[in-house]
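Raw data-v2.tsv, TSV, C-alpha atoms and all ligand atoms:
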chain	number	residue	atom	x	y	z
G	1	MET	CA	-67.87	27.95	73.21
G	2	THR	CA	-66.68	24.49	74.16
G	3	GLU	CA	-67.61	24.39	77.82
G	4	ILE	CA	-70.64	25.52	79.77
G	5	THR	CA	-71.46	25.35	83.45
G	6	LEU	CA	-75.03	25.46	84.60
G	7	ARG	CA	-77.04	24.82	87.69
G	8	ARG	CA	-77.95	21.20	87.96
G	9	PRO	CA	-81.06	20.67	85.82
G	10	ASP	CA	-84.44	19.20	86.76
G	11	ASP	CA	-86.83	17.21	84.61
G	12	TRP	CA	-90.41	18.47	84.91
G	13	HIS	CA	-92.05	15.45	83.23
G	14	LEU	CA	-90.60	11.95	83.54
G	15	HIS	CA	-91.80	8.34	83.34
G	16	LEU	CA	-89.80	6.07	85.62
G	17	ARG	CA	-92.16	3.07	85.51
G	18	ASP	CA	-91.74	0.47	88.22
G	19	GLY	CA	-89.95	-2.78	89.13
G	20	GLU	CA	-87.07	-3.83	86.88
G	21	MET	CA	-87.63	-0.97	84.45
G	22	LEU	CA	-87.47	1.60	87.24
G	23	LYS	CA	-84.20	0.13	88.47
G	24	ALA	CA	-82.68	0.23	85.01
G	25	VAL	CA	-83.75	3.71	83.88
G	26	LEU	CA	-83.65	5.79	87.07
G	27	PRO	CA	-79.82	6.12	87.26
G	28	TYR	CA	-79.73	7.78	83.82
G	29	THR	CA	-81.91	10.55	85.19
G	30	SER	CA	-80.48	10.79	88.69
G	31	ARG	CA	-76.88	11.13	87.49
G	32	HIS	CA	-77.67	14.45	85.75
G	33	PHE	CA	-80.93	15.72	87.21
G	34	ALA	CA	-81.52	16.77	90.81
G	35	ARG	CA	-85.30	16.47	90.73
G	36	ALA	CA	-88.02	15.22	88.44
G	37	ILE	CA	-91.77	15.36	88.33
G	38	ILE	CA	-92.75	11.71	88.28
G	39	MET	CA	-95.64	10.72	86.07
G	40	PRO	CA	-98.27	8.60	87.82
G	41	ASN	CA	-99.48	6.49	84.86
G	42	LEU	CA	-98.46	3.14	86.29
G	43	VAL	CA	-100.65	0.06	86.11
G	44	PRO	CA	-102.60	0.56	88.36
G	45	PRO	CA	-102.16	4.35	88.42
G	46	VAL	CA	-100.95	6.42	91.37
G	47	VAL	CA	-104.28	7.88	92.45
G	48	LYS	CA	-104.15	8.21	96.22
G	49	THR	CA	-101.77	9.73	98.74
G	50	ALA	CA	-100.86	6.26	99.95
G	51	ASP	CA	-100.02	5.13	96.39
G	52	ALA	CA	-97.75	8.14	95.88
G	53	ARG	CA	-95.98	7.53	99.17
G	54	ALA	CA	-95.37	3.87	98.34
G	55	TYR	CA	-94.18	4.71	94.82
G	56	ARG	CA	-91.86	7.38	96.19
G	57	ASP	CA	-90.35	4.78	98.54
G	58	ARG	CA	-89.79	2.36	95.64
G	59	ILE	CA	-88.06	5.09	93.66
G	60	MET	CA	-85.78	5.99	96.59
G	61	ALA	CA	-84.97	2.30	97.07
G	62	ALA	CA	-84.02	1.97	93.38
G	63	LYS	CA	-81.82	5.07	93.36
G	64	PRO	CA	-78.04	4.59	93.38
G	65	GLU	CA	-76.93	5.58	96.88
G	66	HIS	CA	-74.40	8.16	95.73
G	67	HIS	CA	-76.89	10.04	93.52
G	68	HIS	CA	-78.74	12.96	95.10
G	69	PHE	CA	-82.16	12.88	93.54
G	70	GLU	CA	-85.57	13.96	94.69
G	71	PRO	CA	-88.67	12.54	93.02
G	72	LEU	CA	-91.48	15.09	92.95
G	73	MET	CA	-94.63	13.04	93.07
G	74	THR	CA	-97.93	13.59	91.29
G	75	LEU	CA	-101.37	12.08	91.70
G	76	TYR	CA	-103.30	10.79	88.71
G	77	LEU	CA	-106.72	12.45	88.65
G	78	THR	CA	-109.78	10.30	88.12
G	79	GLU	CA	-113.44	11.22	88.25
G	80	GLY	CA	-113.41	9.71	91.73
G	81	THR	CA	-110.45	11.65	93.17
G	82	ASP	CA	-111.21	12.84	96.68
G	83	PRO	CA	-110.29	16.55	97.03
G	84	ASN	CA	-109.51	16.00	100.72
G	85	ASP	CA	-107.03	13.22	99.97
G	86	LEU	CA	-105.37	15.44	97.34
G	87	GLU	CA	-105.21	18.35	99.75
G	88	GLU	CA	-103.62	16.11	102.36
G	89	ALA	CA	-100.97	14.95	99.86
G	90	HIS	CA	-100.21	18.57	99.05
G	91	ARG	CA	-100.20	19.74	102.68
G	92	THR	CA	-97.64	17.14	103.72
G	93	GLY	CA	-95.43	18.09	100.78
G	94	LEU	CA	-95.71	14.64	99.24
G	95	VAL	CA	-97.06	15.79	95.87
G	96	THR	CA	-95.97	18.71	93.75
G	97	ALA	CA	-98.81	18.57	91.23
G	98	ALA	CA	-101.76	16.53	90.06
G	99	LYS	CA	-101.99	15.14	86.57
G	100	LEU	CA	-104.94	15.33	84.22
G	101	TYR	CA	-105.08	12.61	81.57
G	102	PRO	CA	-108.14	12.86	79.36
G	103	ALA	CA	-109.30	9.22	79.33
G	104	GLY	CA	-107.78	7.40	76.38
G	105	ALA	CA	-105.29	10.13	75.44
G	106	THR	CA	-102.11	8.12	75.98
G	107	THR	CA	-100.38	5.17	77.69
G	108	ASN	CA	-102.39	3.92	80.71
G	109	SER	CA	-104.83	6.82	80.63
G	110	HIS	CA	-108.04	4.82	80.60
G	111	SER	CA	-108.75	5.65	84.26
G	112	GLY	CA	-108.41	9.35	83.47
G	113	VAL	CA	-111.09	12.00	83.23
G	114	ARG	CA	-113.92	11.64	80.70
G	115	ASP	CA	-116.19	14.39	81.90
G	116	MET	CA	-114.40	17.54	83.05
G	117	ASP	CA	-117.45	18.61	85.06
G	118	LYS	CA	-117.03	15.57	87.28
G	119	ALA	CA	-113.52	16.72	88.17
G	120	MET	CA	-114.50	20.34	88.86
G	121	PRO	CA	-114.58	19.96	92.66
G	122	VAL	CA	-110.98	18.73	92.48
G	123	PHE	CA	-109.87	21.58	90.20
G	124	GLU	CA	-111.59	24.07	92.51
G	125	ARG	CA	-109.76	22.69	95.51
G	126	MET	CA	-106.46	22.78	93.63
G	127	ALA	CA	-107.02	26.43	92.72
G	128	LYS	CA	-107.78	27.20	96.35
G	129	ILE	CA	-104.72	25.50	97.80
G	130	GLY	CA	-102.35	26.48	94.98
G	131	LEU	CA	-101.59	22.96	93.73
G	132	PRO	CA	-100.56	23.03	90.04
G	133	LEU	CA	-102.44	20.97	87.47
G	134	CYS	CA	-100.26	19.17	84.93
G	135	VAL	CA	-102.20	18.57	81.77
G	136	HIS	CA	-101.89	16.10	78.93
G	137	GLY	CA	-103.38	18.54	76.47
G	138	GLU	CA	-105.09	16.45	73.83
G	139	VAL	CA	-108.72	15.68	73.10
G	140	THR	CA	-109.45	12.05	72.41
G	141	SER	CA	-112.55	11.94	70.24
G	142	SER	CA	-112.09	9.86	67.14
G	143	ASP	CA	-113.48	12.59	64.89
G	144	VAL	CA	-110.56	14.90	65.69
G	145	ASP	CA	-107.46	14.33	63.59
G	146	ILE	CA	-104.53	13.23	65.75
G	147	PHE	CA	-102.40	16.14	64.51
G	148	ASP	CA	-105.09	18.62	65.63
G	149	ARG	CA	-105.76	17.20	69.06
G	150	GLU	CA	-103.64	19.68	70.98
G	151	ALA	CA	-105.09	22.76	69.27
G	152	VAL	CA	-108.64	21.49	69.77
G	153	PHE	CA	-107.92	20.73	73.43
G	154	ILE	CA	-106.76	24.29	74.02
G	155	GLU	CA	-109.88	25.72	72.47
G	156	THR	CA	-112.50	23.35	73.83
G	157	VAL	CA	-111.11	22.20	77.18
G	158	LEU	CA	-108.20	24.24	78.50
G	159	ASP	CA	-109.34	27.74	77.72
G	160	PRO	CA	-112.85	27.18	79.17
G	161	LEU	CA	-111.30	25.62	82.30
G	162	ARG	CA	-108.95	28.56	82.79
G	163	ALA	CA	-111.77	31.03	82.20
G	164	ARG	CA	-113.81	29.28	84.86
G	165	LEU	CA	-110.94	29.01	87.33
G	166	PRO	CA	-108.40	31.76	86.58
G	167	GLU	CA	-106.53	31.06	89.86
G	168	LEU	CA	-105.76	27.47	88.85
G	169	LYS	CA	-102.08	27.06	87.97
G	170	VAL	CA	-101.80	24.94	84.83
G	171	THR	CA	-98.74	23.34	83.28
G	172	MET	CA	-99.39	22.41	79.67
G	173	GLU	CA	-97.10	19.48	79.39
G	174	HIS	CA	-95.09	18.45	76.34
G	175	VAL	CA	-96.32	21.27	74.11
G	176	THR	CA	-95.95	20.17	70.49
G	177	THR	CA	-97.57	22.91	68.42
G	178	LYS	CA	-97.20	26.58	67.54
G	179	ASP	CA	-100.80	26.85	68.78
G	180	GLY	CA	-99.66	25.71	72.22
G	181	VAL	CA	-96.64	27.99	72.26
G	182	ASP	CA	-98.74	30.99	71.21
G	183	TYR	CA	-101.45	30.21	73.73
G	184	ILE	CA	-98.92	30.09	76.57
G	185	ALA	CA	-97.06	33.17	75.36
G	186	ALA	CA	-100.32	35.14	75.23
G	187	SER	CA	-101.37	34.18	78.76
G	188	LYS	CA	-101.09	36.73	81.52
G	189	ALA	CA	-100.79	34.42	84.51
G	190	ASN	CA	-101.01	30.87	85.84
G	191	LEU	CA	-99.99	29.08	82.66
G	192	ALA	CA	-96.65	27.58	81.67
G	193	GLY	CA	-95.50	24.82	79.35
G	194	SER	CA	-92.95	22.07	79.33
G	195	ILE	CA	-91.19	21.03	76.14
G	196	THR	CA	-89.52	17.68	75.50
G	197	THR	CA	-86.07	17.14	74.07
G	198	HIS	CA	-87.32	15.03	71.18
G	199	HIS	CA	-89.95	17.54	70.00
G	200	LEU	CA	-87.12	20.06	69.55
G	201	ILE	CA	-85.37	17.55	67.28
G	202	ILE	CA	-87.88	15.60	65.23
G	203	ASN	CA	-90.89	16.46	63.14
G	204	ARG	CA	-93.43	13.94	61.87
G	205	ASN	CA	-91.26	12.94	58.94
G	206	ALA	CA	-89.03	11.11	61.42
G	207	ILE	CA	-91.90	8.74	62.15
G	208	LEU	CA	-93.39	8.33	58.71
G	209	ALA	CA	-91.10	9.27	55.81
G	210	GLY	CA	-89.18	6.47	54.12
G	211	GLY	CA	-90.54	3.74	56.39
G	212	ILE	CA	-92.35	3.65	59.69
G	213	ARG	CA	-90.08	4.25	62.67
G	214	PRO	CA	-91.80	3.31	65.88
G	215	HIS	CA	-89.06	4.64	68.15
G	216	TYR	CA	-90.00	8.18	67.10
G	217	TYR	CA	-93.66	7.62	67.89
G	218	CYS	CA	-94.76	9.36	71.06
G	219	LEU	CA	-97.77	11.25	72.31
G	220	PRO	CA	-98.54	13.97	71.64
G	221	VAL	CA	-97.26	12.90	68.24
G	222	ALA	CA	-94.56	15.06	66.61
G	223	LYS	CA	-96.07	17.62	64.22
G	224	ARG	CA	-94.90	19.34	61.04
G	225	GLU	CA	-91.67	21.33	60.81
G	226	SER	CA	-93.21	24.77	61.42
G	227	HIS	CA	-94.34	23.54	64.84
G	228	ARG	CA	-90.88	22.23	65.69
G	229	GLN	CA	-89.47	25.64	64.80
G	230	ALA	CA	-91.97	27.37	67.10
G	231	LEU	CA	-90.97	25.00	69.92
G	232	ARG	CA	-87.29	25.74	69.37
G	233	LYS	CA	-87.95	29.45	69.48
G	234	ALA	CA	-89.90	29.16	72.71
G	235	ALA	CA	-87.40	26.86	74.43
G	236	THR	CA	-84.40	29.00	73.53
G	237	SER	CA	-86.10	32.35	74.15
G	238	GLY	CA	-85.37	32.46	77.87
G	239	ASP	CA	-89.11	33.13	78.45
G	240	ALA	CA	-89.71	31.92	82.01
G	241	ARG	CA	-92.96	30.17	81.02
G	242	PHE	CA	-91.13	27.44	79.07
G	243	PHE	CA	-89.00	24.73	80.64
G	244	LEU	CA	-87.73	21.19	80.14
G	245	GLY	CA	-89.93	18.16	80.70
G	246	THR	CA	-88.21	15.32	78.85
G	247	ASP	CA	-91.20	12.97	78.83
G	248	SER	CA	-88.64	10.19	78.65
G	249	ALA	CA	-91.00	7.22	78.39
G	250	PRO	CA	-89.32	3.83	78.11
G	251	HIS	CA	-91.12	0.83	76.62
G	252	VAL	CA	-89.44	-2.48	75.86
G	253	ASP	CA	-88.68	-2.94	72.17
G	254	PRO	CA	-91.23	-5.71	71.52
G	255	LEU	CA	-93.97	-3.32	72.63
G	256	LYS	CA	-92.71	-0.59	70.28
G	257	GLU	CA	-91.87	-2.74	67.26
G	258	CYS	CA	-95.20	-4.38	66.58
G	259	ALA	CA	-98.49	-3.86	64.77
G	260	CYS	CA	-99.84	-1.54	67.45
G	261	GLY	CA	-96.81	-0.04	69.12
G	262	CYS	CA	-96.71	1.95	72.36
G	263	ALA	CA	-96.06	5.69	72.40
G	264	GLY	CA	-92.92	7.04	74.02
G	265	CYS	CA	-89.30	8.03	73.36
G	266	PHE	CA	-86.60	7.07	75.83
G	267	THR	CA	-84.34	10.10	76.09
G	268	SER	CA	-83.05	10.34	79.63
G	269	ILE	CA	-79.62	8.98	78.67
G	270	ASN	CA	-78.69	11.63	76.11
G	271	THR	CA	-81.11	14.46	76.85
G	272	MET	CA	-78.58	17.00	78.13
G	273	SER	CA	-76.22	16.27	75.23
G	274	CYS	CA	-79.03	16.63	72.69
G	275	LEU	CA	-80.20	19.87	74.29
G	276	ALA	CA	-76.73	21.41	74.23
G	277	HIS	CA	-76.56	20.55	70.53
G	278	VAL	CA	-79.95	22.17	69.85
G	279	PHE	CA	-79.21	25.29	71.89
G	280	GLU	CA	-75.85	25.68	70.16
G	281	GLN	CA	-77.54	25.39	66.76
G	282	GLU	CA	-79.89	28.15	67.85
G	283	ASN	CA	-77.01	30.30	69.18
G	284	ALA	CA	-78.59	30.11	72.59
G	285	LEU	CA	-76.24	28.05	74.74
G	286	ASP	CA	-76.37	30.84	77.29
G	287	ARG	CA	-80.12	30.17	77.69
G	288	LEU	CA	-79.89	26.44	78.27
G	289	GLU	CA	-79.67	27.06	82.01
G	290	ALA	CA	-82.92	29.03	82.02
G	291	PHE	CA	-84.72	26.23	80.14
G	292	ALA	CA	-83.28	23.25	82.02
G	293	SER	CA	-82.47	24.60	85.47
G	294	LEU	CA	-84.18	27.90	86.33
G	295	ASN	CA	-87.62	28.36	84.79
G	296	GLY	CA	-89.08	25.09	86.06
G	297	PRO	CA	-88.27	25.59	89.76
G	298	ALA	CA	-89.46	29.19	89.57
G	299	TRP	CA	-92.81	28.02	88.18
G	300	TYR	CA	-93.22	25.34	90.85
G	301	GLY	CA	-92.16	27.74	93.62
G	302	LEU	CA	-88.93	25.88	94.40
G	303	ALA	CA	-85.37	27.15	94.68
G	304	PRO	CA	-83.04	26.32	91.79
G	305	ASN	CA	-80.39	23.72	92.58
G	306	GLU	CA	-77.20	25.02	94.13
G	307	GLU	CA	-74.99	22.37	92.55
G	308	ARG	CA	-73.53	22.91	89.08
G	309	ILE	CA	-72.86	20.60	86.15
G	310	THR	CA	-70.32	21.24	83.44
G	311	MET	CA	-70.82	20.26	79.82
G	312	VAL	CA	-67.96	20.11	77.35
G	313	LYS	CA	-67.88	19.89	73.59
G	314	ARG	CA	-65.55	17.08	72.61
G	315	ALA	CA	-63.50	17.00	69.42
G	316	GLU	CA	-64.64	13.44	68.74
G	317	LYS	CA	-68.27	12.43	68.74
G	318	VAL	CA	-69.66	11.04	71.97
G	319	GLU	CA	-71.09	7.53	71.77
G	320	PHE	CA	-74.29	6.51	73.52
G	321	PRO	CA	-75.69	2.98	73.55
G	322	THR	CA	-78.34	2.39	70.89
G	323	ARG	CA	-80.26	0.31	73.38
G	324	ILE	CA	-80.03	-0.65	77.02
G	325	GLU	CA	-80.83	-3.96	78.62
G	326	THR	CA	-83.29	-3.86	81.49
G	327	GLY	CA	-84.65	-6.69	83.61
G	328	ALA	CA	-87.90	-6.13	81.70
G	329	GLY	CA	-86.30	-6.37	78.22
G	330	PRO	CA	-84.30	-4.16	75.83
G	331	VAL	CA	-85.17	-0.47	75.45
G	332	THR	CA	-84.04	1.54	72.43
G	333	VAL	CA	-82.41	4.90	73.16
G	334	PHE	CA	-83.62	7.99	71.29
G	335	ASP	CA	-81.44	8.59	68.23
G	336	PRO	CA	-81.38	12.33	67.42
G	337	MET	CA	-80.07	11.58	63.90
G	338	PHE	CA	-77.10	13.90	64.36
G	339	ASP	CA	-73.67	13.26	65.84
G	340	ILE	CA	-73.40	14.31	69.45
G	341	TYR	CA	-70.32	16.18	70.71
G	342	TRP	CA	-71.57	17.65	73.97
G	343	GLU	CA	-71.22	15.68	77.15
G	344	VAL	CA	-71.91	16.20	80.83
G	345	THR	CA	-68.59	15.81	82.63
G	346	PRO	CA	-68.56	13.15	85.33
G	401	LIG	C1	-96.06	8.29	77.73
G	401	LIG	C2	-95.92	6.90	78.34
G	401	LIG	O1	-95.51	5.98	77.64
G	401	LIG	O2	-96.23	6.75	79.52
G	401	LIG	N1	-95.89	8.19	76.31
G	401	LIG	C3	-95.55	9.19	75.48
G	401	LIG	O3	-95.56	8.98	74.27
G	401	LIG	N2	-95.18	10.37	75.93
G	401	LIG	C4	-97.37	8.90	78.13
G	401	LIG	C5	-97.48	10.37	77.84
G	401	LIG	O4	-96.83	11.19	78.48
G	401	LIG	O5	-98.27	10.73	76.96
G	402	ZN	ZN	-95.39	11.69	79.47
What does the file become when written as structure tokens?
Amino acid sequence: MTEITLRRPDDWHLHLRDGEMLKAVLPYTSRHFARAIIMPNLVPPVVKTADARAYRDRIMAAKPEHHHFEPLMTLYLTEGTDPNDLEEAHRTGLVTAAKLYPAGATTNSHSGVRDMDKAMPVFERMAKIGLPLCVHGEVTSSDVDIFDREAVFIETVLDPLRARLPELKVTMEHVTTKDGVDYIAASKANLAGSITTHHLIINRNAILAGGIRPHYYCLPVAKRESHRQALRKAATSGDARFFLGTDSAPHVDPLKECACGCAGCFTSINTMSCLAHVFEQENALDRLEAFASLNGPAWYGLAPNEERITMVKRAEKVEFPTRIETGAGPVTVFDPMFDIYWEVTP
């Protein structure tokens, strides 16, 4: 196959940042994707309805006029989140989900939740009104090995929460382990998972073998090869519980290439090309549409996009910039370490 047409995809987990960075990175998403769930971990975070409305306006102002793109907003849960404010944001259609960051789990998560009991009234309200909870599924305690944090989170936080509130709809975001895949696959209802592009491509060797490569460092951190294989199987299975959330997370190079570098891979530029490559390798090009364009909207109760995009496999490799310049500084583009031939046609 050298050409595929699919419904226009959506990105169910995206960091657009703000200011100059927002202006520079947004067009790479909005030229291919119709919608994206926008992560609220700004500084300061998007915690109230009014913050989400203002951020949404800034995104729309930064969007190229000719791109049709709808940002799906989220609120960042804190121990002080007011369930009434959250319900209001949901009722007016402003937010599509609320995001749980365990405090300290990742970039700008220090205002997140430390004590799950304190957030119970919010989770209860979300279950009642049918607002999905997007979860960064890692524990943060220093006695848990970083490679085990997802599995321990499932056992000690997520499963007890779901047992207590079975009606709560939970998206386990950026699943990185076989444990996560198996947990989702075994669930009967109200659980789904997003998978990033880069976790289908790299394992932890990319970060650590033969030199330390900060541009492959993200959170949750990439795991060993057997986990990557489990993710590939899930993503290409067609199973409606798995869908794309790129977690494209730009940081300027000086903040990545230093003694304590930030977590995040910037993939929005070449995500669709990388995915077509992966799905072709897995003999599953016919399931790319389910992963990128159908399963996500179905989970969030939205209609799939009516528009189509066409991707072609070129005879010559397709070149992407290795880095982009933004008003905030240079940002390195995710390098999949294979030649790319697939391209979204203009
Ligand atoms: C994200 C960021 O930089 O905001 N980083 C990342 O490695 N994915 C935060 C996150 O989603 O964990
Ligand atoms: Zn993220």
Legend entry - Pick from G:Thr96, G:Thr156, G:Ser111, G:Thr171 nearest to Leu133 (chain G), counting only C-alpha atoms: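 Closest to Leu133 (chain G), using only C-alpha atoms: G:Thr171.
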Would you write out, as CSV, a table of all residues in chain G that have an atom no more than 6 Å from an atom of ligand LIG 401 (chain G), listing for each the closest atom pair and the distance in Å to one decimal, considering only C-alpha atoms and all ligand atoms and ordering rows by chain and rising residue number?
residue,atom,partner,partner_atom,distance
G:Thr106,CA,G:LIG401,O5,4.7
G:Thr107,CA,G:LIG401,O2,4.8
G:Cys218,CA,G:LIG401,O3,3.3
G:Leu219,CA,G:LIG401,O3,3.7
G:Asp247,CA,G:LIG401,N2,5.6
G:Ala249,CA,G:LIG401,O1,4.7
G:Ala263,CA,G:LIG401,O3,3.8
G:Gly264,CA,G:LIG401,O3,3.3
Using only C-alpha atoms and all ligand atoms, find each residue of chain G with at least one atom at most 7 Å away from an atom of ligand ZN 402 (chain G); report its shortest atom-to-atom pair and that distance in Å (one decimal), sort the rows by chain and rising residue number, and return the result as a Markdown table.
| residue | atom | partner | partner_atom | distance |
| --- | --- | --- | --- | --- |
| G:His13 | CA | G:ZN402 | ZN | 6.3 |
| G:Leu14 | CA | G:ZN402 | ZN | 6.3 |
| G:His15 | CA | G:ZN402 | ZN | 6.3 |
| G:Met39 | CA | G:ZN402 | ZN | 6.7 |
| G:Asp247 | CA | G:ZN402 | ZN | 4.4 |
| G:Ser248 | CA | G:ZN402 | ZN | 7.0 |
| G:Ala249 | CA | G:ZN402 | ZN | 6.4 |
For those residues, write C-alpha atoms to a file as a PDB file, in the frame of the given file.
ATOM      1  CA  HIS G  13     -92.050  15.450  83.230  1.00  0.00           C
ATOM      2  CA  LEU G  14     -90.600  11.950  83.540  1.00  0.00           C
ATOM      3  CA  HIS G  15     -91.800   8.340  83.340  1.00  0.00           C
ATOM      4  CA  MET G  39     -95.640  10.720  86.070  1.00  0.00           C
ATOM      5  CA  ASP G 247     -91.200  12.970  78.830  1.00  0.00           C
ATOM      6  CA  SER G 248     -88.640  10.190  78.650  1.00  0.00           C
ATOM      7  CA  ALA G 249     -91.000   7.220  78.390  1.00  0.00           C
TER       8      ALA G 249
END
Inset, instruction - Determine the nearest neighbour of Lys169 (chain G) from the options G:Ala50, G:Cys258, G:Ile202, G:Cys134, counting all atoms listed in the file. - result: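 Residue with the minimum atom-to-atom distance to Lys169 (chain G): G:Cys134.
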Inset, instruction - Could you tell me how far CA of Ala315 (chain G) lies from CA of His277 (chain G), in Å and to one decimal? - result: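 These two atoms are separated by 13.6 Å.
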Inset, instruction - Find, counting all atoms listed in the file, the residue in G:Cys262, G:Ala119, G:Leu285, G:Ala192 that gets nearest to Pro214 (chain G). - result: G:Cys262
Inset, instruction - Figure out the distance between CA of Ile184 (chain G) and CA of Asp159 (chain G), please, to one decimal in Å. - result: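 Pair CA of Asp159 (chain G) / CA of Ile184 (chain G) returns 10.7 Å.
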Inset, instruction - Give as JSON, numbers by chain every residue, naming chains and numbers as the document does, that has an atom within 12 Å of (-106.0, 10.0, 73.3), counting all atoms listed in the file. - result: {"G": [101, 102, 103, 104, 105, 106, 107, 108, 109, 110, 112, 113, 114, 136, 137, 138, 139, 140, 141, 142, 143, 144, 145, 146, 147, 148, 149, 150, 153, 218, 219, 220, 221, 263]}
Region 131-145 of chain G: axis-aligned bounding box, 8 Å on each side, centre and edge lengths in Å, one decimal, as AutoDock Vina command-line options:
--center_x -106.9 --center_y 16.4 --center_z 78.7 --size_x 29.2 --size_y 29.2 --size_z 46.1
Legend entry - Nearest to Ile195 (chain G) by atom-to-atom distance, counting only C-alpha atoms, from G:Phe242, G:Tyr28, G:Phe338, G:Tyr183: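 Answer, going by the shortest atom-to-atom distance: G:Phe242.
For the pair CA of Pro321 (chain G) and CA of Asn270 (chain G), the separation is 9.5 Å.
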Legend entry - Selection: 10 Å around Tyr55 (chain G), all atoms listed in the file, excl. self and same-chain fewer than 3 positions, as a PyMOL selection string: chain G and resi 17-18+38+40+42+46+49-52+58-61+71+73
What's around Ser226 (chain G) at 12 Å? Count all atoms listed in the file, leave out sequence neighbours fewer than 2 positions away in its own chain, and write the answer as a PDB file with C-alpha atoms, in the frame of the given file.
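out-v2.pdb written:
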ATOM      1  CA  THR G 176     -95.950  20.170  70.490  1.00  0.00           C
ATOM      2  CA  THR G 177     -97.570  22.910  68.420  1.00  0.00           C
ATOM      3  CA  LYS G 178     -97.200  26.580  67.540  1.00  0.00           C
ATOM      4  CA  ASP G 179    -100.800  26.850  68.780  1.00  0.00           C
ATOM      5  CA  VAL G 181     -96.640  27.990  72.260  1.00  0.00           C
ATOM      6  CA  HIS G 199     -89.950  17.540  70.000  1.00  0.00           C
ATOM      7  CA  LEU G 200     -87.120  20.060  69.550  1.00  0.00           C
ATOM      8  CA  ILE G 202     -87.880  15.600  65.230  1.00  0.00           C
ATOM      9  CA  ASN G 203     -90.890  16.460  63.140  1.00  0.00           C
ATOM     10  CA  ARG G 204     -93.430  13.940  61.870  1.00  0.00           C
ATOM     11  CA  ALA G 222     -94.560  15.060  66.610  1.00  0.00           C
ATOM     12  CA  LYS G 223     -96.070  17.620  64.220  1.00  0.00           C
ATOM     13  CA  ARG G 224     -94.900  19.340  61.040  1.00  0.00           C
ATOM     14  CA  ARG G 228     -90.880  22.230  65.690  1.00  0.00           C
ATOM     15  CA  GLN G 229     -89.470  25.640  64.800  1.00  0.00           C
ATOM     16  CA  ALA G 230     -91.970  27.370  67.100  1.00  0.00           C
ATOM     17  CA  LEU G 231     -90.970  25.000  69.920  1.00  0.00           C
ATOM     18  CA  ARG G 232     -87.290  25.740  69.370  1.00  0.00           C
ATOM     19  CA  LYS G 233     -87.950  29.450  69.480  1.00  0.00           C
TER      20      LYS G 233
END
